[in-house]
>>> print(open('upload-v4.pdb').read())   # PDB, C-alpha atoms and all ligand atoms
ATOM      1  CA  VAL A   1     -16.812 -14.104  11.454  1.00  0.00           C
ATOM      2  CA  ALA A   2     -14.130 -12.339   9.447  1.00  0.00           C
ATOM      3  CA  PRO A   3     -10.920 -12.678  11.514  1.00  0.00           C
ATOM      4  CA  TYR A   4      -9.472  -9.477  10.094  1.00  0.00           C
ATOM      5  CA  THR A   5     -10.475  -5.932  11.008  1.00  0.00           C
ATOM      6  CA  ILE A   6      -8.997  -2.681   9.704  1.00  0.00           C
ATOM      7  CA  THR A   7      -9.545   0.486  11.749  1.00  0.00           C
ATOM      8  CA  TYR A   8      -8.612   3.599   9.767  1.00  0.00           C
ATOM      9  CA  PHE A   9      -9.775   6.901   8.364  1.00  0.00           C
ATOM     10  CA  ALA A  10     -11.990   6.961   5.254  1.00  0.00           C
ATOM     11  CA  VAL A  11      -8.964   6.877   2.937  1.00  0.00           C
ATOM     12  CA  ARG A  12      -6.973   4.290   0.979  1.00  0.00           C
ATOM     13  CA  GLY A  13      -3.771   5.820   2.365  1.00  0.00           C
ATOM     14  CA  ARG A  14      -1.623   3.364   4.240  1.00  0.00           C
ATOM     15  CA  CYS A  15      -4.179   0.540   3.940  1.00  0.00           C
ATOM     16  CA  GLY A  16      -4.313   0.416   0.151  1.00  0.00           C
ATOM     17  CA  ALA A  17      -1.800  -2.406  -0.220  1.00  0.00           C
ATOM     18  CA  THR A  18      -3.219  -4.418   2.696  1.00  0.00           C
ATOM     19  CA  ARG A  19      -6.743  -4.348   1.236  1.00  0.00           C
ATOM     20  CA  ILE A  20      -5.515  -5.391  -2.221  1.00  0.00           C
ATOM     21  CA  MET A  21      -3.523  -8.242  -0.660  1.00  0.00           C
ATOM     22  CA  LEU A  22      -6.507  -9.394   1.438  1.00  0.00           C
ATOM     23  CA  ALA A  23      -8.763  -9.329  -1.637  1.00  0.00           C
ATOM     24  CA  ASP A  24      -6.278 -11.218  -3.832  1.00  0.00           C
ATOM     25  CA  GLN A  25      -5.783 -13.806  -1.098  1.00  0.00           C
ATOM     26  CA  GLY A  26      -9.549 -14.397  -0.987  1.00  0.00           C
ATOM     27  CA  GLN A  27      -9.862 -13.033   2.527  1.00  0.00           C
ATOM     28  CA  GLU A  28     -12.791 -11.096   4.020  1.00  0.00           C
ATOM     29  CA  TRP A  29     -12.325  -8.302   6.489  1.00  0.00           C
ATOM     30  CA  LYS A  30     -14.262  -5.722   8.513  1.00  0.00           C
ATOM     31  CA  GLU A  31     -13.672  -1.997   8.191  1.00  0.00           C
ATOM     32  CA  ILE A  32     -14.065   0.369  11.160  1.00  0.00           C
ATOM     33  CA  VAL A  33     -14.051   3.893   9.733  1.00  0.00           C
ATOM     34  CA  VAL A  34     -12.926   6.681  12.067  1.00  0.00           C
ATOM     35  CA  SER A  35     -13.932  10.275  11.296  1.00  0.00           C
ATOM     36  CA  PHE A  36     -11.318  12.988  11.748  1.00  0.00           C
ATOM     37  CA  GLU A  37     -13.786  14.641  14.170  1.00  0.00           C
ATOM     38  CA  ASP A  38     -13.953  11.532  16.414  1.00  0.00           C
ATOM     39  CA  TRP A  39     -10.204  11.058  16.127  1.00  0.00           C
ATOM     40  CA  MET A  40      -9.558  14.588  17.337  1.00  0.00           C
ATOM     41  CA  LYS A  41     -11.382  13.783  20.592  1.00  0.00           C
ATOM     42  CA  GLY A  42      -8.297  11.721  21.457  1.00  0.00           C
ATOM     43  CA  ASP A  43      -9.851   8.692  23.192  1.00  0.00           C
ATOM     44  CA  LEU A  44      -9.039   6.207  20.429  1.00  0.00           C
ATOM     45  CA  LYS A  45      -5.608   7.778  19.811  1.00  0.00           C
ATOM     46  CA  LYS A  46      -4.668   7.083  23.446  1.00  0.00           C
ATOM     47  CA  THR A  47      -5.235   3.353  22.862  1.00  0.00           C
ATOM     48  CA  CYS A  48      -2.974   3.204  19.770  1.00  0.00           C
ATOM     49  CA  VAL A  49       0.571   1.970  20.470  1.00  0.00           C
ATOM     50  CA  PHE A  50       2.102   4.778  18.403  1.00  0.00           C
ATOM     51  CA  GLY A  51      -0.868   7.134  18.745  1.00  0.00           C
ATOM     52  CA  GLN A  52      -1.752   6.585  15.105  1.00  0.00           C
ATOM     53  CA  LEU A  53      -3.965   4.610  12.698  1.00  0.00           C
ATOM     54  CA  PRO A  54      -4.266   2.242  10.844  1.00  0.00           C
ATOM     55  CA  LYS A  55      -4.876  -0.579  13.282  1.00  0.00           C
ATOM     56  CA  PHE A  56      -5.175  -4.207  12.139  1.00  0.00           C
ATOM     57  CA  GLU A  57      -6.765  -6.992  14.143  1.00  0.00           C
ATOM     58  CA  ASP A  58      -6.353 -10.697  13.422  1.00  0.00           C
ATOM     59  CA  GLY A  59      -8.593 -12.396  15.983  1.00  0.00           C
ATOM     60  CA  GLY A  60      -7.041 -11.459  19.334  1.00  0.00           C
ATOM     61  CA  LEU A  61      -3.880 -10.028  17.785  1.00  0.00           C
ATOM     62  CA  THR A  62      -3.816  -6.237  17.492  1.00  0.00           C
ATOM     63  CA  LEU A  63      -1.204  -4.668  15.221  1.00  0.00           C
ATOM     64  CA  PHE A  64      -0.173  -1.159  14.180  1.00  0.00           C
ATOM     65  CA  GLN A  65       2.276  -0.146  11.410  1.00  0.00           C
ATOM     66  CA  SER A  66       0.942  -0.753   7.898  1.00  0.00           C
ATOM     67  CA  ASN A  67       4.028  -2.636   6.704  1.00  0.00           C
ATOM     68  CA  THR A  68       3.666  -4.967   9.687  1.00  0.00           C
ATOM     69  CA  PHE A  69       0.187  -5.911   8.445  1.00  0.00           C
ATOM     70  CA  LEU A  70       1.706  -6.855   5.084  1.00  0.00           C
ATOM     71  CA  ARG A  71       4.453  -8.978   6.634  1.00  0.00           C
ATOM     72  CA  HIS A  72       1.982 -10.685   8.968  1.00  0.00           C
ATOM     73  CA  LEU A  73      -0.342 -11.513   6.073  1.00  0.00           C
ATOM     74  CA  GLY A  74       2.695 -12.605   4.044  1.00  0.00           C
ATOM     75  CA  ARG A  75       3.594 -15.173   6.699  1.00  0.00           C
ATOM     76  CA  LYS A  76      -0.001 -16.368   7.100  1.00  0.00           C
ATOM     77  CA  HIS A  77      -0.819 -16.676   3.397  1.00  0.00           C
ATOM     78  CA  GLY A  78       2.428 -17.935   1.906  1.00  0.00           C
ATOM     79  CA  ALA A  79       3.425 -14.623   0.386  1.00  0.00           C
ATOM     80  CA  TYR A  80       6.826 -14.194   2.034  1.00  0.00           C
ATOM     81  CA  GLY A  81       9.114 -16.216  -0.260  1.00  0.00           C
ATOM     82  CA  LYS A  82      10.146 -19.851  -0.079  1.00  0.00           C
ATOM     83  CA  ASN A  83      13.125 -19.404   2.264  1.00  0.00           C
ATOM     84  CA  ASP A  84      14.911 -16.842   4.434  1.00  0.00           C
ATOM     85  CA  CYS A  85      16.963 -15.628   1.471  1.00  0.00           C
ATOM     86  CA  GLU A  86      13.841 -14.754  -0.528  1.00  0.00           C
ATOM     87  CA  ALA A  87      12.149 -13.361   2.604  1.00  0.00           C
ATOM     88  CA  ALA A  88      15.080 -10.984   3.152  1.00  0.00           C
ATOM     89  CA  GLN A  89      14.913  -9.772  -0.452  1.00  0.00           C
ATOM     90  CA  ILE A  90      11.152  -9.269  -0.116  1.00  0.00           C
ATOM     91  CA  ASP A  91      11.756  -7.197   3.030  1.00  0.00           C
ATOM     92  CA  MET A  92      14.388  -5.178   1.158  1.00  0.00           C
ATOM     93  CA  PHE A  93      12.071  -4.354  -1.749  1.00  0.00           C
ATOM     94  CA  ASN A  94       9.178  -3.555   0.576  1.00  0.00           C
ATOM     95  CA  ASP A  95      11.474  -1.169   2.455  1.00  0.00           C
ATOM     96  CA  GLY A  96      12.311   0.407  -0.909  1.00  0.00           C
ATOM     97  CA  VAL A  97       8.605   0.806  -1.668  1.00  0.00           C
ATOM     98  CA  GLU A  98       8.146   2.381   1.756  1.00  0.00           C
ATOM     99  CA  ASP A  99      10.858   4.939   0.918  1.00  0.00           C
ATOM    100  CA  LEU A 100       8.922   5.894  -2.223  1.00  0.00           C
ATOM    101  CA  ARG A 101       5.583   5.950  -0.370  1.00  0.00           C
ATOM    102  CA  THR A 102       7.067   8.223   2.307  1.00  0.00           C
ATOM    103  CA  LYS A 103       8.348  10.668  -0.336  1.00  0.00           C
ATOM    104  CA  TYR A 104       4.939  10.580  -2.050  1.00  0.00           C
ATOM    105  CA  LEU A 105       3.065  11.272   1.210  1.00  0.00           C
ATOM    106  CA  LYS A 106       5.420  14.147   2.099  1.00  0.00           C
ATOM    107  CA  MET A 107       4.722  15.749  -1.296  1.00  0.00           C
ATOM    108  CA  ILE A 108       0.950  15.141  -1.037  1.00  0.00           C
ATOM    109  CA  TYR A 109       0.567  16.478   2.513  1.00  0.00           C
ATOM    110  CA  GLN A 110       3.303  19.065   2.838  1.00  0.00           C
ATOM    111  CA  GLU A 111       4.315  20.452  -0.557  1.00  0.00           C
ATOM    112  CA  TYR A 112       1.706  19.538  -3.167  1.00  0.00           C
ATOM    113  CA  GLU A 113       1.338  22.953  -4.802  1.00  0.00           C
ATOM    114  CA  THR A 114       5.040  23.834  -4.738  1.00  0.00           C
ATOM    115  CA  GLY A 115       6.574  20.380  -5.118  1.00  0.00           C
ATOM    116  CA  LYS A 116       4.278  18.294  -7.347  1.00  0.00           C
ATOM    117  CA  ASP A 117       5.975  19.120 -10.667  1.00  0.00           C
ATOM    118  CA  ALA A 118       9.493  18.554  -9.315  1.00  0.00           C
ATOM    119  CA  TYR A 119       8.338  15.299  -7.710  1.00  0.00           C
ATOM    120  CA  ILE A 120       6.927  14.027 -11.016  1.00  0.00           C
ATOM    121  CA  LYS A 121      10.094  15.122 -12.837  1.00  0.00           C
ATOM    122  CA  ASP A 122      12.264  13.174 -10.353  1.00  0.00           C
ATOM    123  CA  LEU A 123       9.946  10.146 -10.262  1.00  0.00           C
ATOM    124  CA  PRO A 124      11.688   8.177 -13.072  1.00  0.00           C
ATOM    125  CA  ASN A 125      14.878   8.154 -10.988  1.00  0.00           C
ATOM    126  CA  HIS A 126      13.029   6.147  -8.340  1.00  0.00           C
ATOM    127  CA  LEU A 127      10.795   4.019 -10.540  1.00  0.00           C
ATOM    128  CA  CYS A 128      13.748   2.907 -12.708  1.00  0.00           C
ATOM    129  CA  LYS A 129      15.146   0.974  -9.721  1.00  0.00           C
ATOM    130  CA  PHE A 130      12.010  -1.200  -9.549  1.00  0.00           C
ATOM    131  CA  GLU A 131      11.921  -1.447 -13.350  1.00  0.00           C
ATOM    132  CA  ALA A 132      15.405  -2.990 -13.269  1.00  0.00           C
ATOM    133  CA  VAL A 133      14.404  -5.549 -10.628  1.00  0.00           C
ATOM    134  CA  LEU A 134      11.289  -6.651 -12.506  1.00  0.00           C
ATOM    135  CA  ALA A 135      13.128  -6.706 -15.852  1.00  0.00           C
ATOM    136  CA  LYS A 136      15.639  -9.121 -14.329  1.00  0.00           C
ATOM    137  CA  ASN A 137      13.217 -11.478 -12.572  1.00  0.00           C
ATOM    138  CA  LYS A 138      11.422 -13.440 -15.327  1.00  0.00           C
ATOM    139  CA  SER A 139       8.605 -14.572 -13.007  1.00  0.00           C
ATOM    140  CA  GLY A 140       6.937 -11.154 -13.216  1.00  0.00           C
ATOM    141  CA  PHE A 141       7.234 -10.728  -9.443  1.00  0.00           C
ATOM    142  CA  LEU A 142       9.849  -8.851  -7.413  1.00  0.00           C
ATOM    143  CA  VAL A 143      11.307 -11.980  -5.784  1.00  0.00           C
ATOM    144  CA  GLY A 144      11.168 -15.678  -6.666  1.00  0.00           C
ATOM    145  CA  ASP A 145       8.387 -17.258  -8.675  1.00  0.00           C
ATOM    146  CA  SER A 146       5.262 -16.281  -6.724  1.00  0.00           C
ATOM    147  CA  ILE A 147       3.568 -13.147  -5.444  1.00  0.00           C
ATOM    148  CA  SER A 148       4.701 -11.626  -2.150  1.00  0.00           C
ATOM    149  CA  PHE A 149       3.441  -8.781   0.036  1.00  0.00           C
ATOM    150  CA  ALA A 150       6.130  -6.550  -1.512  1.00  0.00           C
ATOM    151  CA  ASP A 151       4.441  -7.009  -4.919  1.00  0.00           C
ATOM    152  CA  TYR A 152       1.112  -5.784  -3.526  1.00  0.00           C
ATOM    153  CA  SER A 153       2.912  -2.851  -1.897  1.00  0.00           C
ATOM    154  CA  LEU A 154       4.670  -1.861  -5.131  1.00  0.00           C
ATOM    155  CA  PHE A 155       1.486  -2.393  -7.155  1.00  0.00           C
ATOM    156  CA  GLU A 156      -0.546  -0.120  -4.897  1.00  0.00           C
ATOM    157  CA  VAL A 157       2.044   2.644  -4.826  1.00  0.00           C
ATOM    158  CA  LEU A 158       2.209   2.484  -8.640  1.00  0.00           C
ATOM    159  CA  LEU A 159      -1.594   2.795  -8.893  1.00  0.00           C
ATOM    160  CA  ASN A 160      -1.395   5.957  -6.794  1.00  0.00           C
ATOM    161  CA  HIS A 161       1.424   7.355  -8.938  1.00  0.00           C
ATOM    162  CA  LEU A 162      -0.568   6.663 -12.122  1.00  0.00           C
ATOM    163  CA  VAL A 163      -3.271   8.951 -10.718  1.00  0.00           C
ATOM    164  CA  LEU A 164      -0.677  11.635  -9.919  1.00  0.00           C
ATOM    165  CA  SER A 165       1.074  11.207 -13.289  1.00  0.00           C
ATOM    166  CA  PRO A 166      -0.800   9.006 -15.818  1.00  0.00           C
ATOM    167  CA  THR A 167       2.237   8.773 -18.109  1.00  0.00           C
ATOM    168  CA  CYS A 168       4.760   7.846 -15.387  1.00  0.00           C
ATOM    169  CA  LEU A 169       5.114   4.237 -16.579  1.00  0.00           C
ATOM    170  CA  ASP A 170       5.098   4.953 -20.333  1.00  0.00           C
ATOM    171  CA  SER A 171       8.867   4.455 -20.601  1.00  0.00           C
ATOM    172  CA  LEU A 172       9.003   1.649 -18.011  1.00  0.00           C
ATOM    173  CA  PRO A 173       7.673  -1.494 -19.772  1.00  0.00           C
ATOM    174  CA  ALA A 174       8.369  -3.964 -16.973  1.00  0.00           C
ATOM    175  CA  LEU A 175       6.470  -1.815 -14.450  1.00  0.00           C
ATOM    176  CA  LYS A 176       3.663  -1.236 -16.946  1.00  0.00           C
ATOM    177  CA  SER A 177       3.369  -4.978 -17.525  1.00  0.00           C
ATOM    178  CA  PHE A 178       3.510  -5.594 -13.752  1.00  0.00           C
ATOM    179  CA  VAL A 179       0.577  -3.212 -13.147  1.00  0.00           C
ATOM    180  CA  ASP A 180      -1.424  -4.671 -16.047  1.00  0.00           C
ATOM    181  CA  THR A 181      -0.784  -8.263 -14.909  1.00  0.00           C
ATOM    182  CA  LEU A 182      -1.739  -7.647 -11.271  1.00  0.00           C
ATOM    183  CA  SER A 183      -4.752  -5.525 -12.288  1.00  0.00           C
ATOM    184  CA  ALA A 184      -5.979  -8.491 -14.338  1.00  0.00           C
ATOM    185  CA  ARG A 185      -5.842 -10.957 -11.430  1.00  0.00           C
ATOM    186  CA  PRO A 186      -9.557 -11.771 -10.969  1.00  0.00           C
ATOM    187  CA  LYS A 187      -9.821 -10.960  -7.250  1.00  0.00           C
ATOM    188  CA  ILE A 188      -7.803  -7.757  -7.606  1.00  0.00           C
ATOM    189  CA  LYS A 189      -9.835  -6.697 -10.639  1.00  0.00           C
ATOM    190  CA  ALA A 190     -13.073  -7.295  -8.734  1.00  0.00           C
ATOM    191  CA  PHE A 191     -11.804  -5.317  -5.741  1.00  0.00           C
ATOM    192  CA  LEU A 192     -10.544  -2.360  -7.827  1.00  0.00           C
ATOM    193  CA  ASP A 193     -13.959  -2.314  -9.557  1.00  0.00           C
ATOM    194  CA  SER A 194     -15.823  -2.367  -6.223  1.00  0.00           C
ATOM    195  CA  GLU A 195     -17.573   0.612  -4.641  1.00  0.00           C
ATOM    196  CA  ASP A 196     -15.726  -0.128  -1.394  1.00  0.00           C
ATOM    197  CA  TYR A 197     -12.488   0.671  -3.196  1.00  0.00           C
ATOM    198  CA  LYS A 198     -13.684   3.419  -5.523  1.00  0.00           C
ATOM    199  CA  LYS A 199     -15.554   5.389  -2.840  1.00  0.00           C
ATOM    200  CA  LEU A 200     -12.387   6.049  -0.812  1.00  0.00           C
ATOM    201  CA  PRO A 201     -10.074   8.927  -1.715  1.00  0.00           C
ATOM    202  CA  ILE A 202      -6.400   8.013  -1.983  1.00  0.00           C
ATOM    203  CA  ASN A 203      -5.322  10.541   0.644  1.00  0.00           C
ATOM    204  CA  GLY A 204      -6.796  12.431   3.609  1.00  0.00           C
ATOM    205  CA  ASN A 205      -6.479  15.941   2.178  1.00  0.00           C
ATOM    206  CA  GLY A 206      -8.284  15.520  -1.118  1.00  0.00           C
ATOM    207  CA  LYS A 207      -5.053  15.702  -3.114  1.00  0.00           C
ATOM    208  CA  GLN A 208      -3.853  12.890  -5.399  1.00  0.00           C
TER
HETATM  209  N1  LIG B 301       4.243   4.215  10.156  1.00  0.00           N
HETATM  210  C1  LIG B 301       2.806   4.217  10.326  1.00  0.00           C
HETATM  211  C2  LIG B 301       2.289   5.609  10.014  1.00  0.00           C
HETATM  212  C3  LIG B 301       0.854   5.791  10.450  1.00  0.00           C
HETATM  213  C4  LIG B 301       0.337   7.187  10.183  1.00  0.00           C
HETATM  214  O1  LIG B 301       1.030   8.041   9.624  1.00  0.00           O
HETATM  215  N2  LIG B 301      -0.914   7.419  10.579  1.00  0.00           N
HETATM  216  C5  LIG B 301      -1.575   8.695  10.357  1.00  0.00           C
HETATM  217  C6  LIG B 301      -2.664   8.565   9.286  1.00  0.00           C
HETATM  218  S1  LIG B 301      -2.092   7.733   7.872  1.00  0.00           S
HETATM  219  C7  LIG B 301      -1.382   8.984   6.922  1.00  0.00           C
HETATM  220  S2  LIG B 301      -1.141   8.688   5.339  1.00  0.00           S
HETATM  221  N3  LIG B 301      -1.047  10.158   7.480  1.00  0.00           N
HETATM  222  C8  LIG B 301      -0.739  11.294   6.649  1.00  0.00           C
HETATM  223  C9  LIG B 301      -1.653  12.442   6.937  1.00  0.00           C
HETATM  224  C10 LIG B 301      -2.980  12.044   7.471  1.00  0.00           C
HETATM  225  C11 LIG B 301      -3.282  12.436   8.778  1.00  0.00           C
HETATM  226  C12 LIG B 301      -4.520  12.140   9.295  1.00  0.00           C
HETATM  227  C13 LIG B 301      -5.457  11.449   8.499  1.00  0.00           C
HETATM  228  C14 LIG B 301      -5.124  11.050   7.205  1.00  0.00           C
HETATM  229  C15 LIG B 301      -3.878  11.338   6.696  1.00  0.00           C
HETATM  230  C16 LIG B 301      -2.276   9.136  11.634  1.00  0.00           C
HETATM  231  O2  LIG B 301      -2.748   8.307  12.400  1.00  0.00           O
HETATM  232  N4  LIG B 301      -2.381  10.462  11.779  1.00  0.00           N
HETATM  233  C17 LIG B 301      -3.172  11.003  12.869  1.00  0.00           C
HETATM  234  C18 LIG B 301      -2.329  11.297  14.079  1.00  0.00           C
HETATM  235  O3  LIG B 301      -1.092  11.095  14.010  1.00  0.00           O
HETATM  236  O4  LIG B 301      -2.920  11.753  15.111  1.00  0.00           O
HETATM  237  C19 LIG B 301       2.175   3.171   9.398  1.00  0.00           C
HETATM  238  O5  LIG B 301       2.814   2.837   8.378  1.00  0.00           O
HETATM  239  O6  LIG B 301       1.074   2.680   9.688  1.00  0.00           O
END
>>> encode(input="upload-v4.pdb", output="structure tokens")
Amino acid sequence: VAPYTITYFAVRGRCGATRIMLADQGQEWKEIVVSFEDWMKGDLKKTCVFGQLPKFEDGGLTLFQSNTFLRHLGRKHGAYGKNDCEAAQIDMFNDGVEDLRTKYLKMIYQEYETGKDAYIKDLPNHLCKFEAVLAKNKSGFLVGDSISFADYSLFEVLLNHLVLSPTCLDSLPALKSFVDTLSARPKIKAFLDSEDYKKLPINGNGKQ
């Protein structure tokens, strides 16, 4: 029985990084897909701690908050650094990825038509911060010498930005190499090639 269950809408959205991490870590999981119609009835929403999805179950443990899923899986699968110092840096970079993801989602859901071009124009100012971190750390990961949940989070947000702006990494070689290296990891490659991944839209409003 797969210990992990994701309950979410039929989107990659805020579960993209978690699914990539689960796949790369060789884990299986169950997906419970909630339609917007069922969600609007309100019964499931009432049971959600913050009234929102995604929900993540690990056996009897029920979690909400997508970044919490990543940290939990990081602890369980040795992807949270080798000491508290590295763990703190991994938290810091994941928080930085969350800032970028939040800006992206605001543009996608609230100002796509009017704000997409300005967002893409401003994007290098945000991506250059992660470029500098990866250029400095010779391991090819954000922190230390092995992959962490923050790497999966950054990787997934970069994949989404490459759909929005296919040239956004052209002048950022460390990020380009990071995406190419993670994309080539056998379990990630298999997952990104799978129908389960390809059939889901990135976002819930058909914009990307
Ligand atoms: N901090 C939370 C945020 C969770 C969240 O925003 N959930 C959204 C869905 S995830 C997302 S990217 N929301 C953006 C817009 C959207 C709404 C509804 C469906 C799909 C996307 C949700 O449940 N909306 C429905 C509701 O609040 O009643 C997390 O990181 O998990």
>>> resolve_selection(input="upload-v4.pdb", expression="the PyMOL selection byres (((chain A and resi 160) around 12) and not hetatm)", output="PDB file with C-alpha atoms, in the frame of the given file")
ATOM      1  CA  ARG A  12      -6.973   4.290   0.979  1.00  0.00           C
ATOM      2  CA  GLY A  13      -3.771   5.820   2.365  1.00  0.00           C
ATOM      3  CA  ARG A  14      -1.623   3.364   4.240  1.00  0.00           C
ATOM      4  CA  GLY A  16      -4.313   0.416   0.151  1.00  0.00           C
ATOM      5  CA  ALA A  17      -1.800  -2.406  -0.220  1.00  0.00           C
ATOM      6  CA  LEU A 100       8.922   5.894  -2.223  1.00  0.00           C
ATOM      7  CA  ARG A 101       5.583   5.950  -0.370  1.00  0.00           C
ATOM      8  CA  TYR A 104       4.939  10.580  -2.050  1.00  0.00           C
ATOM      9  CA  LEU A 105       3.065  11.272   1.210  1.00  0.00           C
ATOM     10  CA  ILE A 108       0.950  15.141  -1.037  1.00  0.00           C
ATOM     11  CA  SER A 153       2.912  -2.851  -1.897  1.00  0.00           C
ATOM     12  CA  LEU A 154       4.670  -1.861  -5.131  1.00  0.00           C
ATOM     13  CA  PHE A 155       1.486  -2.393  -7.155  1.00  0.00           C
ATOM     14  CA  GLU A 156      -0.546  -0.120  -4.897  1.00  0.00           C
ATOM     15  CA  VAL A 157       2.044   2.644  -4.826  1.00  0.00           C
ATOM     16  CA  LEU A 158       2.209   2.484  -8.640  1.00  0.00           C
ATOM     17  CA  LEU A 159      -1.594   2.795  -8.893  1.00  0.00           C
ATOM     18  CA  HIS A 161       1.424   7.355  -8.938  1.00  0.00           C
ATOM     19  CA  LEU A 162      -0.568   6.663 -12.122  1.00  0.00           C
ATOM     20  CA  VAL A 163      -3.271   8.951 -10.718  1.00  0.00           C
ATOM     21  CA  LEU A 164      -0.677  11.635  -9.919  1.00  0.00           C
ATOM     22  CA  SER A 165       1.074  11.207 -13.289  1.00  0.00           C
ATOM     23  CA  PRO A 166      -0.800   9.006 -15.818  1.00  0.00           C
ATOM     24  CA  CYS A 168       4.760   7.846 -15.387  1.00  0.00           C
ATOM     25  CA  LEU A 169       5.114   4.237 -16.579  1.00  0.00           C
ATOM     26  CA  VAL A 179       0.577  -3.212 -13.147  1.00  0.00           C
ATOM     27  CA  PRO A 201     -10.074   8.927  -1.715  1.00  0.00           C
ATOM     28  CA  ILE A 202      -6.400   8.013  -1.983  1.00  0.00           C
ATOM     29  CA  ASN A 203      -5.322  10.541   0.644  1.00  0.00           C
ATOM     30  CA  LYS A 207      -5.053  15.702  -3.114  1.00  0.00           C
ATOM     31  CA  GLN A 208      -3.853  12.890  -5.399  1.00  0.00           C
TER      32      GLN A 208
END
>>> resolve_selection(input="upload-v4.pdb", expression="the PyMOL selection byres (((not hetatm)) within 10 of (chain B and resi 301))", output="ChimeraX atom specification")
/A:8-15,34-36,39-40,42,44-46,48,50-56,63-69,98,101-102,104-106,108-110,202-206
>>> resolve_selection(input="upload-v4.pdb", expression="the PyMOL selection byres (((chain A and resi 142) around 10) and not hetatm)", output="mmCIF file with C-alpha atoms, in the coordinates of the input")
data_model
loop_
_atom_site.group_PDB
_atom_site.id
_atom_site.type_symbol
_atom_site.label_atom_id
_atom_site.label_comp_id
_atom_site.auth_asym_id
_atom_site.auth_seq_id
_atom_site.Cartn_x
_atom_site.Cartn_y
_atom_site.Cartn_z
ATOM 1 C CA GLU A 86 13.841 -14.754 -0.528
ATOM 2 C CA GLN A 89 14.913 -9.772 -0.452
ATOM 3 C CA ILE A 90 11.152 -9.269 -0.116
ATOM 4 C CA PHE A 93 12.071 -4.354 -1.749
ATOM 5 C CA ASN A 94 9.178 -3.555 0.576
ATOM 6 C CA PHE A 130 12.010 -1.200 -9.549
ATOM 7 C CA GLU A 131 11.921 -1.447 -13.350
ATOM 8 C CA ALA A 132 15.405 -2.990 -13.269
ATOM 9 C CA VAL A 133 14.404 -5.549 -10.628
ATOM 10 C CA LEU A 134 11.289 -6.651 -12.506
ATOM 11 C CA ALA A 135 13.128 -6.706 -15.852
ATOM 12 C CA LYS A 136 15.639 -9.121 -14.329
ATOM 13 C CA ASN A 137 13.217 -11.478 -12.572
ATOM 14 C CA LYS A 138 11.422 -13.440 -15.327
ATOM 15 C CA SER A 139 8.605 -14.572 -13.007
ATOM 16 C CA GLY A 140 6.937 -11.154 -13.216
ATOM 17 C CA PHE A 141 7.234 -10.728 -9.443
ATOM 18 C CA VAL A 143 11.307 -11.980 -5.784
ATOM 19 C CA GLY A 144 11.168 -15.678 -6.666
ATOM 20 C CA ASP A 145 8.387 -17.258 -8.675
ATOM 21 C CA SER A 146 5.262 -16.281 -6.724
ATOM 22 C CA ILE A 147 3.568 -13.147 -5.444
ATOM 23 C CA SER A 148 4.701 -11.626 -2.150
ATOM 24 C CA PHE A 149 3.441 -8.781 0.036
ATOM 25 C CA ALA A 150 6.130 -6.550 -1.512
ATOM 26 C CA ASP A 151 4.441 -7.009 -4.919
ATOM 27 C CA LEU A 154 4.670 -1.861 -5.131
ATOM 28 C CA PHE A 178 3.510 -5.594 -13.752
#
>>> atom_distance(input="upload-v4.pdb", atom1="CA of Thr5 (chain A)", atom2="CA of Glu31 (chain A)")
5.8 Å
>>> closest_residue(input="upload-v4.pdb", among="A:Glu37, A:His126, A:Asp196, A:Pro3", to="Leu61 (chain A)", atoms="only C-alpha atoms")
A:Pro3
>>> axis_aligned_box(input="upload-v4.pdb", around="region 118-133 of chain A", padding_each_side="5 Å", output="lines of an AutoDock Vina configuration file")
center_x = 11.2
center_y = 6.5
center_z = -10.5
size_x = 18.5
size_y = 34.1
size_z = 15.6
>>> atom_distance(input="upload-v4.pdb", atom1="CA of Phe191 (chain A)", atom2="CA of Ile20 (chain A)")
7.2 Å
>>> atom_distance(input="upload-v4.pdb", atom1="CA of Lys187 (chain A)", atom2="CA of Ala23 (chain A)")
5.9 Å
>>> residues_around(input="upload-v4.pdb", residues="Leu73 (chain A)", least_positions_apart="5", cutoff="9 Å", atoms="only C-alpha atoms", output="ChimeraX atom specification")
/A:18,21-22,68,78-80,149
>>> write_last_selection(input="upload-v4.pdb", atoms="C-alpha atoms", output="short mmCIF file (atom, residue, chain, number, x, y, z; two decimals), in the frame of the given file")
data_model
loop_
_atom_site.label_atom_id
_atom_site.label_comp_id
_atom_site.auth_asym_id
_atom_site.auth_seq_id
_atom_site.Cartn_x
_atom_site.Cartn_y
_atom_site.Cartn_z
CA THR A 18 -3.22 -4.42 2.70
CA MET A 21 -3.52 -8.24 -0.66
CA LEU A 22 -6.51 -9.39 1.44
CA THR A 68 3.67 -4.97 9.69
CA GLY A 78 2.43 -17.93 1.91
CA ALA A 79 3.42 -14.62 0.39
CA TYR A 80 6.83 -14.19 2.03
CA PHE A 149 3.44 -8.78 0.04
#
>>> closest_residue(input="upload-v4.pdb", among="A:Asp170, A:Met107, A:Thr7, A:Asp24", to="Ala190 (chain A)", atoms="all atoms listed in the file")
A:Asp24
>>> closest_residue(input="upload-v4.pdb", among="A:Leu192, A:Val1, A:Leu175, A:Ala88", to="Gly59 (chain A)", atoms="all atoms listed in the file")
A:Val1
>>> closest_residue(input="upload-v4.pdb", among="A:Leu182, A:Leu127, A:Ile6, A:Ala118", to="Val33 (chain A)", atoms="all atoms listed in the file")
A:Ile6
>>> decode(input="upload-v4.pdb", residues="region 42-52 of chain A", atoms="C-alpha atoms", output="mmCIF file, in the first residue's frame")
data_model
loop_
_atom_site.group_PDB
_atom_site.id
_atom_site.type_symbol
_atom_site.label_atom_id
_atom_site.label_comp_id
_atom_site.auth_asym_id
_atom_site.auth_seq_id
_atom_site.Cartn_x
_atom_site.Cartn_y
_atom_site.Cartn_z
ATOM 1 C CA GLY A 42 -17.849 22.818 0.520
ATOM 2 C CA ASP A 43 -17.887 19.497 2.411
ATOM 3 C CA LEU A 44 -14.235 18.647 1.770
ATOM 4 C CA LYS A 45 -13.143 22.279 2.265
ATOM 5 C CA LYS A 46 -14.608 22.210 5.790
ATOM 6 C CA THR A 47 -12.267 19.332 6.690
ATOM 7 C CA CYS A 48 -9.112 21.146 5.481
ATOM 8 C CA VAL A 49 -7.128 22.868 8.250
ATOM 9 C CA PHE A 50 -6.755 26.049 6.191
ATOM 10 C CA GLY A 51 -9.808 25.421 4.006
ATOM 11 C CA GLN A 52 -7.565 24.695 1.043
#
